[in-house]
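Q: Just data.cif, nothing more (mmCIF, C-alpha atoms and all ligand atoms):
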data_target
#
loop_
_atom_site.label_atom_id
_atom_site.label_comp_id
_atom_site.auth_asym_id
_atom_site.auth_seq_id
_atom_site.Cartn_x
_atom_site.Cartn_y
_atom_site.Cartn_z
CA MET A 26 -11.66 9.23 158.59
CA SER A 27 -13.02 10.26 161.99
CA GLU A 28 -16.02 8.23 163.20
CA GLU A 29 -16.77 11.07 165.60
CA LEU A 30 -17.11 13.54 162.73
CA ILE A 31 -19.39 11.16 160.81
CA ALA A 32 -21.53 10.71 163.94
CA LEU A 33 -21.78 14.50 164.32
CA VAL A 34 -22.99 14.91 160.73
CA ASN A 35 -25.58 12.15 161.29
CA HIS A 36 -26.67 13.83 164.48
CA TYR A 37 -27.18 17.22 162.84
CA MET A 38 -28.98 15.76 159.82
CA LYS A 39 -31.39 13.91 162.11
CA ALA A 40 -31.80 17.03 164.23
CA GLY A 41 -33.13 18.84 161.15
CA CYS A 42 -30.14 20.98 160.20
CA ASN A 43 -30.73 20.42 156.51
CA GLN A 44 -31.72 23.81 155.15
CA TYR A 45 -29.57 26.67 153.87
CA VAL A 46 -27.36 28.33 156.43
CA HIS A 47 -26.21 31.95 156.19
CA MET A 48 -24.54 32.89 152.92
CA ASN A 49 -21.27 33.67 154.72
CA GLY A 50 -21.34 30.28 156.44
CA LEU A 51 -22.60 29.07 159.80
CA GLN A 52 -21.75 31.67 162.45
CA LYS A 53 -20.43 29.15 164.98
CA LEU A 54 -18.19 27.54 162.37
CA ARG A 55 -16.70 30.92 161.38
CA GLU A 56 -16.12 31.63 165.07
CA ALA A 57 -14.45 28.24 165.55
CA ILE A 58 -12.17 28.96 162.56
CA ALA A 59 -11.23 32.40 163.92
CA GLU A 60 -10.36 30.75 167.25
CA LYS A 61 -8.24 28.14 165.52
CA ILE A 62 -6.40 30.83 163.53
CA PHE A 63 -5.68 32.76 166.71
CA TYR A 64 -4.44 29.63 168.44
CA LEU A 65 -2.20 28.57 165.55
CA TYR A 66 -0.99 31.88 164.11
CA GLN A 67 -1.78 34.47 166.83
CA GLN A 68 -3.80 36.58 164.39
CA LYS A 69 -7.18 38.09 165.21
CA ILE A 70 -9.51 37.40 162.29
CA ASN A 71 -13.04 38.77 162.37
CA PRO A 72 -15.45 35.85 161.82
CA ASP A 73 -18.20 38.18 160.58
CA THR A 74 -16.25 40.11 157.99
CA GLU A 75 -13.11 38.12 157.11
CA ILE A 76 -14.20 34.48 156.74
CA THR A 77 -16.58 32.87 154.24
CA ILE A 78 -17.39 29.16 154.16
CA THR A 79 -17.31 27.72 150.64
CA PRO A 80 -18.12 24.46 148.88
CA GLY A 81 -14.46 23.39 148.88
CA GLY A 82 -11.06 24.98 148.54
CA SER A 83 -11.11 25.10 144.74
CA TYR A 84 -14.35 27.12 144.81
CA ALA A 85 -12.71 29.56 147.23
CA ILE A 86 -9.76 29.91 144.82
CA TYR A 87 -12.00 30.44 141.78
CA THR A 88 -14.14 32.98 143.62
CA ALA A 89 -11.09 34.93 144.84
CA LEU A 90 -9.67 35.05 141.31
CA THR A 91 -13.00 36.16 139.85
CA THR A 92 -13.25 38.84 142.54
CA VAL A 93 -10.05 40.63 141.54
CA LEU A 94 -9.08 39.72 137.97
CA ASN A 95 -9.82 41.80 134.90
CA PRO A 96 -9.02 40.90 131.29
CA GLY A 97 -5.33 41.42 130.53
CA ASP A 98 -4.15 41.14 134.17
CA GLU A 99 -1.13 38.92 134.71
CA VAL A 100 -1.03 36.23 137.39
CA ILE A 101 2.18 34.51 138.45
CA ILE A 102 1.71 30.76 138.78
CA PHE A 103 4.43 28.33 139.79
CA GLU A 104 4.68 25.07 137.85
CA PRO A 105 4.02 22.25 138.53
CA ALA A 106 0.64 23.68 139.52
CA TYR A 107 -2.68 22.29 140.74
CA ASP A 108 -4.79 21.85 137.63
CA SER A 109 -7.49 24.45 138.28
CA TYR A 110 -5.18 27.49 138.53
CA ILE A 111 -4.47 28.18 134.86
CA PRO A 112 -8.05 27.64 133.59
CA ASN A 113 -9.42 29.70 136.50
CA VAL A 114 -7.15 32.60 135.55
CA GLU A 115 -7.89 32.27 131.83
CA ILE A 116 -11.66 32.11 132.25
CA ASN A 117 -11.40 35.59 133.79
CA GLY A 118 -9.56 36.84 130.67
CA ALA A 119 -6.32 37.14 132.64
CA ILE A 120 -2.91 35.84 131.60
CA PRO A 121 -1.03 33.12 133.51
CA VAL A 122 2.68 33.93 133.80
CA LEU A 123 4.31 30.56 134.38
CA ILE A 124 7.47 30.16 136.43
CA GLN A 125 8.93 26.71 136.99
CA LEU A 126 9.91 25.66 140.50
CA THR A 127 13.54 24.54 140.69
CA TYR A 128 14.12 20.84 140.04
CA PRO A 129 14.37 18.52 141.98
CA ASP A 130 13.74 20.40 145.25
CA TYR A 131 10.82 22.47 143.90
CA LYS A 132 11.74 25.82 145.40
CA ILE A 133 10.70 29.25 144.18
CA ASP A 134 13.41 31.07 142.23
CA TRP A 135 12.73 34.56 143.63
CA LYS A 136 15.20 36.19 141.20
CA GLU A 137 13.10 34.85 138.36
CA VAL A 138 9.93 36.16 140.06
CA ARG A 139 11.47 39.67 140.21
CA LYS A 140 12.27 39.47 136.49
CA ARG A 141 8.78 38.36 135.50
CA ILE A 142 6.86 40.99 137.48
CA SER A 143 5.45 43.73 135.25
CA HIS A 144 3.07 46.66 135.64
CA LYS A 145 0.31 44.19 134.68
CA THR A 146 1.04 41.73 137.52
CA LYS A 147 -2.17 41.55 139.52
CA MET A 148 -1.57 38.50 141.63
CA ILE A 149 0.89 35.84 142.77
CA MET A 150 -0.53 32.37 143.50
CA LEU A 151 1.13 30.25 146.17
CA ASN A 152 0.51 26.72 147.33
CA SER A 153 2.11 25.31 150.48
CA PRO A 154 2.21 22.41 151.32
CA HIS A 155 2.41 21.85 147.60
CA ASN A 156 0.48 19.56 145.30
CA PRO A 157 2.02 17.58 143.56
CA THR A 158 5.55 17.84 145.01
CA GLY A 159 5.09 18.00 148.81
CA ALA A 160 7.38 21.06 148.95
CA VAL A 161 6.70 23.67 151.64
CA LEU A 162 7.47 27.39 151.84
CA SER A 163 10.02 28.54 154.42
CA LYS A 164 10.36 31.71 156.52
CA GLU A 165 12.98 32.86 154.02
CA ASP A 166 10.43 32.44 151.18
CA MET A 167 7.96 34.59 153.07
CA SER A 168 10.58 37.26 153.59
CA GLN A 169 11.48 37.25 149.86
CA LEU A 170 7.81 37.51 148.98
CA GLN A 171 7.37 40.41 151.38
CA GLN A 172 10.26 42.32 149.82
CA ILE A 173 8.92 41.74 146.30
CA VAL A 174 5.32 42.83 146.90
CA ASN A 175 6.16 45.67 149.26
CA GLU A 176 4.99 48.99 147.78
CA THR A 177 3.13 47.26 144.92
CA ASN A 178 -0.60 46.59 144.54
CA ILE A 179 -0.05 42.90 143.90
CA PHE A 180 -2.58 40.53 145.47
CA ILE A 181 -1.62 37.13 146.85
CA LEU A 182 -3.70 34.01 146.62
CA SER A 183 -2.43 31.46 149.09
CA ASP A 184 -3.75 27.94 148.63
CA GLU A 185 -3.27 26.27 152.03
CA VAL A 186 -5.61 23.33 151.63
CA TYR A 187 -2.93 20.97 153.03
CA GLU A 188 -2.39 23.27 156.05
CA HIS A 189 -2.05 20.52 158.68
CA LEU A 190 -0.39 17.92 156.51
CA ILE A 191 3.22 18.95 157.15
CA PHE A 192 6.04 16.73 158.38
CA ASP A 193 9.28 16.43 160.37
CA GLY A 194 8.31 19.16 162.84
CA THR A 195 8.28 21.86 160.13
CA GLU A 196 5.95 24.77 160.84
CA HIS A 197 3.40 25.72 158.22
CA GLU A 198 4.21 29.24 157.02
CA SER A 199 0.67 30.48 156.61
CA ILE A 200 0.12 33.93 155.10
CA LEU A 201 -2.05 34.44 158.20
CA LYS A 202 1.15 34.66 160.28
CA TYR A 203 2.30 37.72 158.33
CA PRO A 204 0.00 40.76 158.71
CA ASP A 205 1.88 42.68 156.00
CA LEU A 206 1.19 39.88 153.54
CA PHE A 207 -2.31 39.09 154.76
CA LYS A 208 -3.48 42.63 154.03
CA ARG A 209 -3.15 41.84 150.29
CA SER A 210 -4.23 38.18 150.39
CA PHE A 211 -7.01 35.66 149.91
CA VAL A 212 -6.15 32.51 151.88
CA CYS A 213 -7.98 29.34 150.89
CA PHE A 214 -8.53 26.20 152.96
CA SER A 215 -10.29 22.83 152.62
CA PHE A 216 -11.90 20.72 155.35
CA GLY A 217 -12.12 17.92 152.78
CA LYS A 218 -8.32 17.76 152.56
CA VAL A 219 -7.43 18.00 156.23
CA PHE A 220 -10.21 15.80 157.59
CA HIS A 221 -9.98 13.19 154.79
CA CYS A 222 -13.49 13.79 153.44
CA THR A 223 -12.85 15.39 150.04
CA GLY A 224 -16.29 14.30 148.85
CA TRP A 225 -17.94 16.63 151.33
CA LYS A 226 -16.54 19.63 149.41
CA LEU A 227 -16.32 22.10 152.24
CA GLY A 228 -13.70 24.81 152.68
CA TYR A 229 -13.30 28.49 153.44
CA CYS A 230 -11.59 31.68 152.43
CA VAL A 231 -9.99 34.18 154.81
CA ALA A 232 -9.32 37.70 153.53
CA PRO A 233 -9.29 41.29 154.83
CA SER A 234 -12.84 42.63 155.16
CA ALA A 235 -12.69 44.97 152.15
CA PHE A 236 -11.70 42.03 149.91
CA MET A 237 -14.17 39.68 151.57
CA LYS A 238 -17.01 42.08 150.89
CA GLU A 239 -16.29 41.81 147.15
CA PHE A 240 -15.66 38.04 147.34
CA ARG A 241 -19.15 37.61 148.81
CA LYS A 242 -20.70 39.49 145.89
CA VAL A 243 -19.40 36.75 143.57
CA HIS A 244 -20.31 33.97 146.01
CA GLN A 245 -23.87 35.32 146.46
CA PHE A 246 -24.80 34.51 142.87
CA ASP A 247 -22.74 31.35 142.55
CA ALA A 248 -23.11 28.63 145.22
CA PHE A 249 -24.54 31.17 147.70
CA SER A 250 -24.57 28.70 150.60
CA SER A 251 -22.53 25.63 151.56
CA ASN A 252 -23.52 22.24 152.94
CA SER A 253 -25.32 22.78 156.27
CA PRO A 254 -25.03 19.58 158.37
CA MET A 255 -21.28 19.35 157.71
CA GLN A 256 -20.85 22.94 158.93
CA PHE A 257 -22.66 22.20 162.20
CA ALA A 258 -20.58 19.05 162.66
CA ILE A 259 -17.19 20.62 161.90
CA ALA A 260 -17.94 23.59 164.20
CA ASP A 261 -18.21 21.08 167.08
CA PHE A 262 -15.28 18.98 165.88
CA LEU A 263 -12.91 21.99 165.83
CA LYS A 264 -13.59 22.64 169.51
CA ASP A 265 -11.21 19.81 170.35
CA LYS A 266 -7.81 21.09 169.18
CA GLU A 267 -6.44 17.56 169.20
CA ASN A 268 -8.59 16.90 166.11
CA TYR A 269 -6.25 19.04 164.03
CA ILE A 270 -3.08 19.04 166.14
CA HIS A 271 -2.58 15.31 165.61
CA LEU A 272 -2.82 15.56 161.81
CA PRO A 273 0.88 16.18 160.93
CA LYS A 274 1.93 13.11 162.95
CA PHE A 275 -0.92 11.01 161.57
CA MET A 276 -0.04 11.76 157.93
CA GLN A 277 3.72 11.59 158.51
CA GLN A 278 3.29 8.03 159.79
CA LYS A 279 1.60 7.16 156.51
CA ARG A 280 4.38 8.82 154.51
CA ASP A 281 7.05 6.94 156.47
CA TYR A 282 5.19 3.64 156.19
CA PHE A 283 4.78 4.06 152.43
CA GLN A 284 8.41 5.14 151.91
CA GLN A 285 9.66 2.17 153.88
CA LEU A 286 7.62 -0.24 151.79
CA MET A 287 8.72 1.45 148.57
CA GLN A 288 12.40 0.87 149.42
CA GLN A 289 11.93 -2.67 148.14
CA THR A 290 10.97 -1.41 144.67
CA LYS A 291 13.05 0.12 141.86
CA PHE A 292 11.38 3.52 142.26
CA THR A 293 13.50 6.35 143.73
CA PRO A 294 11.86 8.86 146.10
CA LEU A 295 12.10 12.62 146.03
CA THR A 296 11.52 14.40 149.34
CA SER A 297 7.97 15.05 150.58
CA HIS A 298 7.75 17.68 153.32
CA GLY A 299 3.97 17.98 153.35
CA SER A 300 0.60 17.27 151.62
CA TYR A 301 -0.18 13.57 151.14
CA PHE A 302 1.79 13.16 147.99
CA GLN A 303 5.16 11.66 147.29
CA LEU A 304 7.02 11.88 144.00
CA TYR A 305 8.98 8.88 142.76
CA SER A 306 11.35 8.68 139.83
CA TYR A 307 11.14 5.66 137.55
CA LYS A 308 14.36 6.48 135.67
CA ASN A 309 15.80 3.11 136.75
CA ILE A 310 12.84 1.28 135.27
CA SER A 311 11.83 2.76 131.94
CA ASP A 312 12.44 5.43 129.26
CA GLU A 313 8.74 5.80 128.55
CA ASN A 314 7.26 9.27 128.91
CA GLU A 315 5.40 9.96 132.16
CA LYS A 316 1.92 9.71 130.71
CA ASP A 317 2.49 6.38 128.93
CA PHE A 318 4.23 4.91 131.95
CA ALA A 319 1.43 6.02 134.30
CA ILE A 320 -1.22 4.52 132.01
CA ARG A 321 0.71 1.25 131.81
CA LEU A 322 1.08 1.16 135.60
CA THR A 323 -2.69 1.57 135.98
CA LYS A 324 -3.69 -0.90 133.29
CA ASP A 325 -1.09 -3.63 133.78
CA PHE A 326 -0.43 -3.39 137.52
CA GLY A 327 -3.60 -1.78 138.92
CA VAL A 328 -1.81 1.14 140.63
CA ALA A 329 -3.03 4.63 139.72
CA THR A 330 -0.58 7.53 139.86
CA ILE A 331 -0.42 10.95 138.20
CA PRO A 332 2.37 11.89 135.79
CA VAL A 333 3.98 15.08 137.10
CA SER A 334 4.00 16.46 133.52
CA ALA A 335 0.19 16.77 133.86
CA PHE A 336 0.83 19.66 136.28
CA TYR A 337 2.83 21.62 133.67
CA LYS A 338 1.52 23.58 130.72
CA THR A 339 5.12 23.82 129.58
CA GLU A 340 6.37 20.54 128.12
CA ARG A 341 8.39 18.62 130.70
CA ASP A 342 9.31 15.02 131.40
CA ASP A 343 11.43 14.23 134.46
CA LYS A 344 10.28 10.60 134.64
CA LEU A 345 8.31 11.29 137.80
CA LEU A 346 5.01 10.04 139.14
CA ARG A 347 2.90 11.40 141.99
CA PHE A 348 1.75 8.79 144.48
CA CYS A 349 -0.91 9.48 147.11
CA PHE A 350 -0.21 7.83 150.48
CA ALA A 351 -3.44 8.92 152.24
CA LYS A 352 -4.61 5.30 152.22
CA LYS A 353 -5.16 2.45 154.66
CA GLU A 354 -2.03 0.40 155.41
CA SER A 355 -3.65 -2.60 153.72
CA THR A 356 -4.12 -0.58 150.51
CA LEU A 357 -0.50 0.65 150.63
CA ASN A 358 0.71 -2.93 151.20
CA ASP A 359 -1.31 -4.16 148.26
CA ALA A 360 -0.10 -1.35 145.97
CA VAL A 361 3.57 -1.89 146.83
CA ASN A 362 3.25 -5.65 146.28
CA ARG A 363 2.07 -4.84 142.78
CA LEU A 364 4.84 -2.27 142.24
CA LEU A 365 7.44 -4.88 143.18
CA LYS A 366 6.58 -6.64 139.92
CA VAL A 367 7.35 -3.53 137.82
C1 LIG B 1 -3.54 22.36 145.81
C2 LIG B 1 -5.00 22.09 145.85
N1 LIG B 1 -5.85 23.12 146.01
C3 LIG B 1 -7.18 22.93 146.05
C4 LIG B 1 -7.73 21.68 145.94
C5 LIG B 1 -9.22 21.51 145.99
O1 LIG B 1 -9.72 21.34 147.26
P1 LIG B 1 -11.29 21.04 147.47
O2 LIG B 1 -11.50 19.59 147.17
O3 LIG B 1 -11.57 21.41 148.87
O4 LIG B 1 -12.00 21.90 146.47
C6 LIG B 1 -6.88 20.58 145.74
C7 LIG B 1 -7.44 19.24 145.53
O5 LIG B 1 -6.79 18.33 145.08
C8 LIG B 1 -5.49 20.80 145.73
O6 LIG B 1 -4.64 19.78 145.58
#
Since I need it in another form, could you write the structure as structure tokens?
Ligand SMILES: Cc1ncc(COP(=O)(O)O)c(C=O)c1O

A:
Amino acid sequence: MSEELIALVNHYMKAGCNQYVHMNGLQKLREAIAEKIFYLYQQKINPDTEITITPGGSYAIYTALTTVLNPGDEVIIFEPAYDSYIPNVEINGAIPVLIQLTYPDYKIDWKEVRKRISHKTKMIMLNSPHNPTGAVLSKEDMSQLQQIVNETNIFILSDEVYEHLIFDGTEHESILKYPDLFKRSFVCFSFGKVFHCTGWKLGYCVAPSAFMKEFRKVHQFDAFSSNSPMQFAIADFLKDKENYIHLPKFMQQKRDYFQQLMQQTKFTPLTSHGSYFQLYSYKNISDENEKDFAIRLTKDFGVATIPVSAFYKTERDDKLLRFCFAKKESTLNDAVNRLLKV
């Protein structure tokens, strides 16, 4: 992770920036985010009324859901799904409507989405780049989404925590690029994910001002304020665009390095277009179910992975594991040396 960013946090801690900052987040950080959004997506976002800094992306997601959901509302969630989505919907008394992404390319079946929409559909949850599959949404996906929600009151929650971790020159299709979609959306981001400091738990939500006003009512009596010195530091760090522009290339190099090493093993890769995850099939190695195989890999070989079935509520076993390649080359070397013995 960036030594410069660590030095900035140290600087601001020593300079006494250790007390609560404004509930909405540090003004200069919100301004820096609005500037970044304008630069990347050519959208004018008001830093006073449309951005709130949160203790992580998952907190932003939970707060957005709590802001709009009532008991009995239906929320469309695509499986495999990040583990907080279903419990976050259910804790609000709402009903997850689960739609499986197509296998093995993990695309949204928009015909199926049309079928599953009802008068109770309150929200559609999206995640691109996608955890655990590394799939990304395309322009065509955004156009399908637009047609489906047009003339409905359906909200969108767009989880874009892997915003800059996208490969092969593909552009990230942020909801922020589409004003017609943004007007019904909460868009959630994570500094932890993009700057490789997940333990700092700092993120933000961007939403139209009327939604943000309600979002802040939930936030006010939950975390209320987010980590101060990190906000000062990241506000400075964002001033240099290179600090986020280089991220796709940086993470793609890790993906390519890992994939190259893995060619020596019996695991077979699926495609990863973004995030820092890569799915591998172990069909050529074992018939064990994903969970048992993942546990054995951890215990007997010292390599921790996540069975993809853990991201489904629906029973499913495609003999796939999720590997994380956001590691030092020496760690990747060591892991693959162990996997060669499997
Ligand atoms: C898709 C997705 N959304 C949200 C989060 C949570 O982000 P944060 O650590 O900033 O809360 C994660 C973390 O793994 C994730 O994979």

Q: Would you name the residues within 10 Å of ligand LIG 1 (chain B), counting only C-alpha atoms and all ligand atoms, and put them as a PyMOL selection string?

A: chain A and resi 79-87+106-110+151-157+183-187+213-219+222-229+300-302

Q: Could you please give me, as a compact mmCIF listing (two decimals) with C-alpha atoms, in the coordinates of the input, the residues of protein, DNA or RNA lying at most 12 Å from (-31.8, 21.8, 148.1) in the coordinate frame of the file, considering all atoms listed in the file?

A:
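Once written, point_31.txt looks like this:
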# COMPACT_ATOMS: atom_id res chain seq x y z
CA ASN A 43 -30.73 20.42 156.51
CA GLN A 44 -31.72 23.81 155.15
CA TYR A 45 -29.57 26.67 153.87
CA VAL A 46 -27.36 28.33 156.43
CA ALA A 248 -23.11 28.63 145.22
CA PHE A 249 -24.54 31.17 147.70
CA SER A 250 -24.57 28.70 150.60
CA SER A 251 -22.53 25.63 151.56
CA ASN A 252 -23.52 22.24 152.94
CA SER A 253 -25.32 22.78 156.27

Q: Pick from A:Leu65, A:Leu182, A:Ile200, A:Ile259: nearest to Lys164 of chain A, with all atoms listed in the file counted?

A: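 Comparing A:Leu65, A:Leu182, A:Ile200, A:Ile259 against Lys164 of chain A, the winner is A:Ile200.
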
Q: Got a sec: who's within 12 Å of Val161 of chain A, counting only C-alpha atoms, leaving out chain neighbours fewer than 6 positions off, as a count of residues only?

A: 30

Q: Rank nothing, just name the residue among A:Phe180, A:Phe236, A:Phe275, A:Phe326 nearest to His221 of chain A, using only C-alpha atoms.

A: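 Closest to His221 of chain A of all the choices is A:Phe275.
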
Q: Do you know which residues are at most 12 Å from Ile331 of chain A counting only C-alpha atoms, after dropping those on the same chain fewer than 6 positions away, and could you put them as a ChimeraX atom specification?

A: /A:107-108,156-158,302-305,315-323,344-349

Q: Using all atoms listed in the file, find the one residue out of A:Tyr37, A:Val231, A:Asp342, A:Lys291 that sits nearest to Asn314 of chain A.

A: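 Nearest to Asn314 of chain A: A:Asp342.
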
Q: Report, in Å to a single decimal, how far apart atom CA of Asp265 of chain A and atom CA of Tyr282 of chain A are.

A: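 Spanning atom CA of Tyr282 of chain A to atom CA of Asp265 of chain A is a straight-line distance of 27.0 Å.
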
Q: Show which residues sit within 7 Å of Ala260 of chain A, as number ranges by chain. Count all atoms listed in the file, and ignore same-chain residues fewer than 6 positions away.

A: A: 53-54, 57

Q: Closest to Ser27 of chain A among A:Lys69, A:Asn178, A:Val367, A:Leu272, using all atoms listed in the file?

A: A:Leu272

Q: One number please: atom CA of Asp98 of chain A to atom CA of Ser143 of chain A, in Å, one decimal.

A: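 About the pair atom CA of Asp98 of chain A and atom CA of Ser143 of chain A: they are 10.0 Å apart.
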
Q: Kindly indicate which residue among A:Ala160, A:Leu365, A:Leu90, A:Val34 lies nearest to Gln288 of chain A, using all atoms listed in the file for the distances.

A: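 Looking only at the distances to Gln288 of chain A, the closest residue turns out to be A:Leu365.
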
Q: Step by step: start from the point (-3.1, 36.3, 162.7) in the file's coordinates, keep every protein, DNA or RNA residue that has an atom no farther than 12 Å from it, count all atoms listed in the file, and write the set as a VMD selection string.

A: chain A and resid 58 to 71 75 198 to 208 212 231 to 233

Q: If we count all atoms listed in the file, what is near Leu51 of chain A at a cut-off of 8 Å, once residues fewer than 4 positions away on the same chain are taken out, given as an mmCIF file with C-alpha atoms, in the frame of the given file?

A:
data_model
loop_
_atom_site.group_PDB
_atom_site.id
_atom_site.type_symbol
_atom_site.label_atom_id
_atom_site.label_comp_id
_atom_site.auth_asym_id
_atom_site.auth_seq_id
_atom_site.Cartn_x
_atom_site.Cartn_y
_atom_site.Cartn_z
ATOM 1 C CA VAL A 46 -27.360 28.330 156.430
ATOM 2 C CA HIS A 47 -26.210 31.950 156.190
ATOM 3 C CA ARG A 55 -16.700 30.920 161.380
ATOM 4 C CA ILE A 78 -17.390 29.160 154.160
ATOM 5 C CA SER A 253 -25.320 22.780 156.270
ATOM 6 C CA GLN A 256 -20.850 22.940 158.930
ATOM 7 C CA PHE A 257 -22.660 22.200 162.200
#

Q: Name the residues in contact with Asn95 of chain A at a cut-off of 7 Å, using all atoms listed in the file, excluding same-chain residues fewer than 5 positions from it; report them as a ChimeraX atom specification.

A: /A:117-119

Q: Under the rule that only C-alpha atoms are counted, which of A:Ile173, A:Val100, A:Val361, A:Ala335 is the nearest residue to Ile149 of chain A?

A: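 Distance minimum relative to Ile149 of chain A lands on A:Val100.
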
Q: Could you tell me how far atom CA of Glu267 of chain A sits from atom CA of Ser355 of chain A, in Å to one decimal place?

A: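 Atom CA of Glu267 of chain A lies at a distance of 25.6 Å from atom CA of Ser355 of chain A.
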
Q: Find the axis-aligned box for segment 276-283 of chain A, covering all its listed atoms and adding 4 Å on each side, and write its centre and edge lengths in Å to one decimal as JSON.

A:
{"center_x": 3.5, "center_y": 7.7, "center_z": 156.1, "size_x": 15.1, "size_y": 16.1, "size_z": 15.4}

Q: With N, CA and C atoms as the goal, would you fill in the gaps in segment 51-63 of chain A and present it as a compact mmCIF listing (two decimals), in the coordinates of the input?

A:
# COMPACT_ATOMS: atom_id res chain seq x y z
N LEU A 51 -22.03 29.17 158.45
CA LEU A 51 -22.60 29.07 159.80
C LEU A 51 -21.76 29.91 160.78
N GLN A 52 -22.46 30.76 161.52
CA GLN A 52 -21.75 31.67 162.45
C GLN A 52 -20.79 30.92 163.38
N LYS A 53 -21.30 29.80 163.98
CA LYS A 53 -20.43 29.15 164.98
C LYS A 53 -19.23 28.45 164.33
N LEU A 54 -19.35 28.12 163.05
CA LEU A 54 -18.19 27.54 162.37
C LEU A 54 -17.17 28.65 162.08
N ARG A 55 -17.63 29.81 161.65
CA ARG A 55 -16.70 30.92 161.38
C ARG A 55 -16.00 31.32 162.68
N GLU A 56 -16.75 31.28 163.78
CA GLU A 56 -16.12 31.63 165.07
C GLU A 56 -15.06 30.58 165.46
N ALA A 57 -15.40 29.32 165.21
CA ALA A 57 -14.45 28.24 165.55
C ALA A 57 -13.18 28.38 164.69
N ILE A 58 -13.34 28.79 163.44
CA ILE A 58 -12.17 28.96 162.56
C ILE A 58 -11.32 30.13 163.06
N ALA A 59 -11.98 31.23 163.43
CA ALA A 59 -11.23 32.40 163.92
C ALA A 59 -10.43 32.02 165.18
N GLU A 60 -11.05 31.21 166.02
CA GLU A 60 -10.36 30.75 167.25
C GLU A 60 -9.13 29.90 166.90
N LYS A 61 -9.33 29.03 165.94
CA LYS A 61 -8.24 28.14 165.52
C LYS A 61 -7.09 28.98 164.92
N ILE A 62 -7.43 29.98 164.13
CA ILE A 62 -6.40 30.83 163.53
C ILE A 62 -5.63 31.58 164.62
N PHE A 63 -6.35 32.03 165.63
CA PHE A 63 -5.68 32.76 166.71
C PHE A 63 -4.74 31.82 167.47
